[in-house]
$ cat my_file.cif   # mmCIF, C-alpha atoms
data_model
loop_
_atom_site.label_atom_id
_atom_site.label_comp_id
_atom_site.auth_asym_id
_atom_site.auth_seq_id
_atom_site.Cartn_x
_atom_site.Cartn_y
_atom_site.Cartn_z
CA MET A 1 3.06 30.86 -5.54
CA SER A 2 -0.02 29.52 -7.30
CA ARG A 3 -3.45 28.66 -5.98
CA ILE A 4 -5.60 25.77 -7.10
CA THR A 5 -9.04 24.61 -6.05
CA LEU A 6 -9.56 20.93 -5.19
CA ARG A 7 -13.08 19.45 -5.24
CA THR A 8 -14.29 15.99 -4.30
CA ASP A 9 -17.96 15.21 -3.79
CA ASP A 10 -19.30 18.16 -1.76
CA ARG A 11 -15.97 19.33 -0.31
CA GLN A 12 -13.83 22.10 -1.74
CA VAL A 13 -10.47 23.43 -0.54
CA THR A 14 -7.97 25.91 -1.90
CA ALA A 15 -4.34 24.84 -1.96
CA GLU A 16 -1.36 27.18 -2.17
CA VAL A 17 1.50 25.58 -4.10
CA GLU A 18 5.09 26.79 -4.06
CA GLY A 19 7.62 24.33 -5.45
CA GLU A 20 7.36 21.11 -3.43
CA ARG A 21 5.41 22.79 -0.59
CA VAL A 22 1.61 22.72 -0.48
CA GLY A 23 -0.55 24.54 2.06
CA ILE A 24 -4.13 23.40 2.69
CA GLU A 25 -6.35 24.82 5.46
CA GLY A 26 -3.40 25.94 7.60
CA ALA A 27 -1.42 22.69 7.25
CA THR A 28 1.80 22.55 5.21
CA PHE A 29 2.93 19.47 3.29
CA THR A 30 6.01 18.60 1.27
CA VAL A 31 5.30 16.58 -1.87
CA GLU A 32 8.08 14.55 -3.46
CA SER A 33 7.55 12.82 -6.82
CA PHE A 34 8.98 9.38 -7.52
CA GLY A 35 7.71 9.35 -11.13
CA ASP A 36 4.85 7.43 -12.75
CA GLY A 37 2.24 9.09 -10.53
CA VAL A 38 3.75 8.00 -7.19
CA TYR A 39 4.35 10.64 -4.51
CA ARG A 40 5.48 10.88 -0.90
CA VAL A 41 3.59 13.49 1.11
CA THR A 42 5.16 14.60 4.39
CA GLY A 43 3.29 16.70 6.96
CA ASN A 44 3.07 17.18 10.69
CA THR A 45 1.35 13.77 11.04
CA GLY A 46 4.09 11.84 9.22
CA GLN A 47 4.62 10.49 5.71
CA GLN A 48 2.14 8.95 3.29
CA SER A 49 2.65 7.42 -0.15
CA ILE A 50 -0.06 8.24 -2.68
CA GLY A 51 -0.75 7.35 -6.28
CA VAL A 52 -2.25 9.69 -8.84
CA ALA A 53 -3.55 8.70 -12.29
CA GLY A 54 -5.80 10.11 -14.96
CA PRO A 55 -6.28 13.49 -16.57
CA PRO A 56 -4.59 16.50 -14.92
CA ASP A 57 -7.84 18.35 -14.18
CA ARG A 58 -9.74 15.28 -12.80
CA PRO A 59 -7.16 12.80 -11.46
CA TRP A 60 -7.88 9.74 -9.36
CA VAL A 61 -6.02 9.70 -6.04
CA PHE A 62 -5.16 6.44 -4.24
CA VAL A 63 -4.37 6.56 -0.49
CA ASP A 64 -4.42 3.57 1.89
CA GLY A 65 -6.71 1.53 -0.37
CA LEU A 66 -9.16 4.40 -0.80
CA VAL A 67 -9.80 5.80 -4.27
CA THR A 68 -11.37 9.16 -5.07
CA GLN A 69 -11.53 11.42 -8.07
CA VAL A 70 -10.53 15.03 -7.48
CA GLU A 71 -11.39 18.00 -9.68
CA ILE A 72 -8.55 20.52 -9.90
CA GLU A 73 -8.74 23.98 -11.38
CA ALA A 74 -6.74 27.16 -11.09
CA ALA A 75 -8.39 29.35 -8.46
CA SER A 76 -8.44 32.27 -10.88
CA ARG A 77 -10.56 30.40 -13.45
CA THR A 78 -14.32 30.55 -13.33
CA ARG A 79 -16.21 27.30 -13.26
CA PRO A 80 -18.77 26.75 -16.02
CA ARG A 81 -22.31 26.96 -14.69
CA GLY A 82 -24.19 25.17 -17.46
CA ARG A 83 -24.85 21.44 -17.49
CA GLY A 84 -23.24 19.91 -20.52
CA SER A 85 -22.37 16.42 -21.55
CA GLN A 86 -19.15 14.95 -20.22
CA ASP A 87 -17.41 11.67 -20.66
CA LEU A 88 -16.19 9.55 -17.79
CA SER A 89 -12.90 7.75 -18.26
CA ALA A 90 -10.75 5.19 -16.46
CA PRO A 91 -8.31 6.55 -13.86
CA MET A 92 -5.61 4.07 -14.95
CA PRO A 93 -5.23 1.09 -17.26
CA ALA A 94 -7.94 -1.33 -16.14
CA THR A 95 -10.35 -4.08 -17.14
CA VAL A 96 -14.09 -3.47 -17.22
CA ILE A 97 -15.68 -6.11 -14.98
CA ARG A 98 -19.26 -4.83 -14.79
CA VAL A 99 -21.40 -2.24 -16.61
CA VAL A 100 -24.37 -1.38 -14.40
CA VAL A 101 -26.21 1.13 -16.63
CA GLU A 102 -27.46 1.42 -20.21
CA PRO A 103 -27.85 4.49 -22.43
CA GLY A 104 -30.89 6.48 -21.34
CA ALA A 105 -30.60 5.48 -17.67
CA THR A 106 -31.40 8.24 -15.18
CA VAL A 107 -28.91 8.13 -12.30
CA SER A 108 -28.28 9.93 -9.04
CA LYS A 109 -25.03 11.51 -7.92
CA GLY A 110 -22.71 8.87 -6.47
CA GLU A 111 -24.52 5.93 -8.09
CA THR A 112 -22.17 3.28 -9.50
CA LEU A 113 -22.22 3.27 -13.30
CA LEU A 114 -19.59 0.62 -13.96
CA VAL A 115 -16.85 -1.24 -12.12
CA LEU A 116 -13.22 -1.59 -13.21
CA GLU A 117 -10.47 -3.85 -11.94
CA ALA A 118 -6.99 -2.37 -11.65
CA MET A 119 -4.06 -3.65 -9.62
CA LYS A 120 -6.28 -6.42 -8.13
CA MET A 121 -8.65 -3.77 -6.79
CA GLU A 122 -12.24 -3.01 -7.81
CA VAL A 123 -12.69 0.65 -8.77
CA PRO A 124 -16.29 1.87 -9.10
CA VAL A 125 -16.93 4.69 -11.58
CA ARG A 126 -19.72 6.79 -10.06
CA ALA A 127 -22.07 9.44 -11.41
CA PRO A 128 -20.57 12.90 -10.75
CA ALA A 129 -24.09 14.41 -10.46
CA ASP A 130 -27.73 13.57 -11.07
CA GLY A 131 -28.21 13.04 -14.80
CA VAL A 132 -28.66 10.69 -17.72
CA VAL A 133 -26.24 8.21 -19.27
CA THR A 134 -26.19 9.15 -22.96
CA ALA A 135 -23.81 6.46 -24.28
CA VAL A 136 -21.77 3.47 -23.08
CA HIS A 137 -18.49 2.83 -24.93
CA CYS A 138 -17.30 -0.35 -23.17
CA LYS A 139 -18.35 -3.84 -22.16
CA PRO A 140 -17.18 -6.37 -19.54
CA GLY A 141 -13.76 -7.75 -20.41
CA ASP A 142 -12.60 -4.63 -22.28
CA LEU A 143 -9.11 -3.38 -21.41
CA VAL A 144 -9.35 0.40 -21.06
CA GLN A 145 -6.80 3.20 -20.83
CA PRO A 146 -6.87 6.49 -18.88
CA GLY A 147 -8.44 9.39 -20.73
CA VAL A 148 -10.49 7.16 -23.05
CA ALA A 149 -14.25 7.68 -22.67
CA LEU A 150 -16.05 4.74 -21.01
CA LEU A 151 -19.45 6.40 -21.07
CA ASP A 152 -21.05 9.77 -21.74
CA PHE A 153 -23.06 11.50 -19.05
CA ALA A 154 -25.28 14.58 -19.21
#
$ encode --input "my_file.cif" --output "structure tokens"
Amino acid sequence: MSRITLRTDDRQVTAEVEGERVGIEGATFTVESFGDGVYRVTGNTGQQSIGVAGPPDRPWVFVDGLVTQVEIEAASRTRPRGRGSQDLSAPMPATVIRVVVEPGATVSKGETLLVLEAMKMEVPVRAPADGVVTAVHCKPGDLVQPGVALLDFA
């Protein structure tokens, strides 16, 4: 059995993973992969199809039209405490439809930095914390791929 920590916004939970079974806060789920980032999750409240895309440690999760980025790390690892620069990337192949910020912009956690369109859905890319946009690597109309930096944030 392995343990991982899941973080999104201000919430954090520890999941216990054993094969296809996942335990979170006393609830047990069975996760079945259909390939290409599509999963069926079955729990005591029924079944749900979800999509997952992006890097393994910060994937985007799609459930019922809602999109959120989740940070995943092994529970045994320590989380870095310093504030360093990070790049923000697309969760899936997408088209940039709007860039809201410029290099040097001071932003607040949760503020929209740019907007992508993927699968006929607008996907806002938001600031993960208060900080400064140090570089923008895309413009409206660009086709972008997961894992490729769209902008740098410190």
$ residues_near_point --input "my_file.cif" --point "(-1.4, 1.0, -1.6)" --cutoff "8 Å" --atoms "all atoms listed in the file" --output "list of chain:residue names"
A:Ser49, A:Ile50, A:Gly51, A:Phe62, A:Val63, A:Asp64, A:Gly65
$ residues_around --input "my_file.cif" --residues "stretch 129-133 of chain A" --least-positions-apart "2" --cutoff "7 Å" --atoms "all atoms listed in the file" --output "PyMOL selection string"
chain A and resi 102-110+127+135+152-154
$ atom_distance --input "my_file.cif" --atom1 "atom CA of A:Thr112" --atom2 "atom CA of A:Thr8"
15.8 Å
$ resolve_selection --input "my_file.cif" --expression "the PyMOL selection byres ((chain A and resi 87-92) around 10)" --output "PyMOL selection string"
chain A and resi 52-55+58-61+67-69+85-86+93-96+113+115-119+123-128+133-137+144-154
$ resolve_selection --input "my_file.cif" --expression "the PyMOL selection byres ((chain A and resi 3) around 6)" --output "tab-separated table (two decimals) with C-alpha atoms, in the frame of the given file"
chain	number	residue	atom	x	y	z
A	2	SER	CA	-0.02	29.52	-7.30
A	4	ILE	CA	-5.60	25.77	-7.10
A	15	ALA	CA	-4.34	24.84	-1.96
A	16	GLU	CA	-1.36	27.18	-2.17
A	75	ALA	CA	-8.39	29.35	-8.46
$ residues_near_point --input "my_file.cif" --point "(6.9, 10.3, -4.5)" --cutoff "12 Å" --atoms "all atoms listed in the file" --output "PyMOL selection string"
chain A and resi 20+30-42+47-52
$ atom_distance --input "my_file.cif" --atom1 "atom CA of A:Arg98" --atom2 "atom CA of A:Arg11"
28.4 Å
$ atom_distance --input "my_file.cif" --atom1 "atom CA of A:Ile72" --atom2 "atom CA of A:Ala27"
18.7 Å
$ axis_aligned_box --input "my_file.cif" --around "stretch 22-26 of chain A" --padding-each-side "5 Å" --output "AutoDock Vina command-line options"
--center_x -2.4 --center_y 24.3 --center_z 3.6 --size_x 18.0 --size_y 13.2 --size_z 18.1
$ closest_residue --input "my_file.cif" --among "A:Cys138, A:Glu71, A:Ile97, A:Thr5" --to "A:Glu122" --atoms "only C-alpha atoms"
A:Ile97
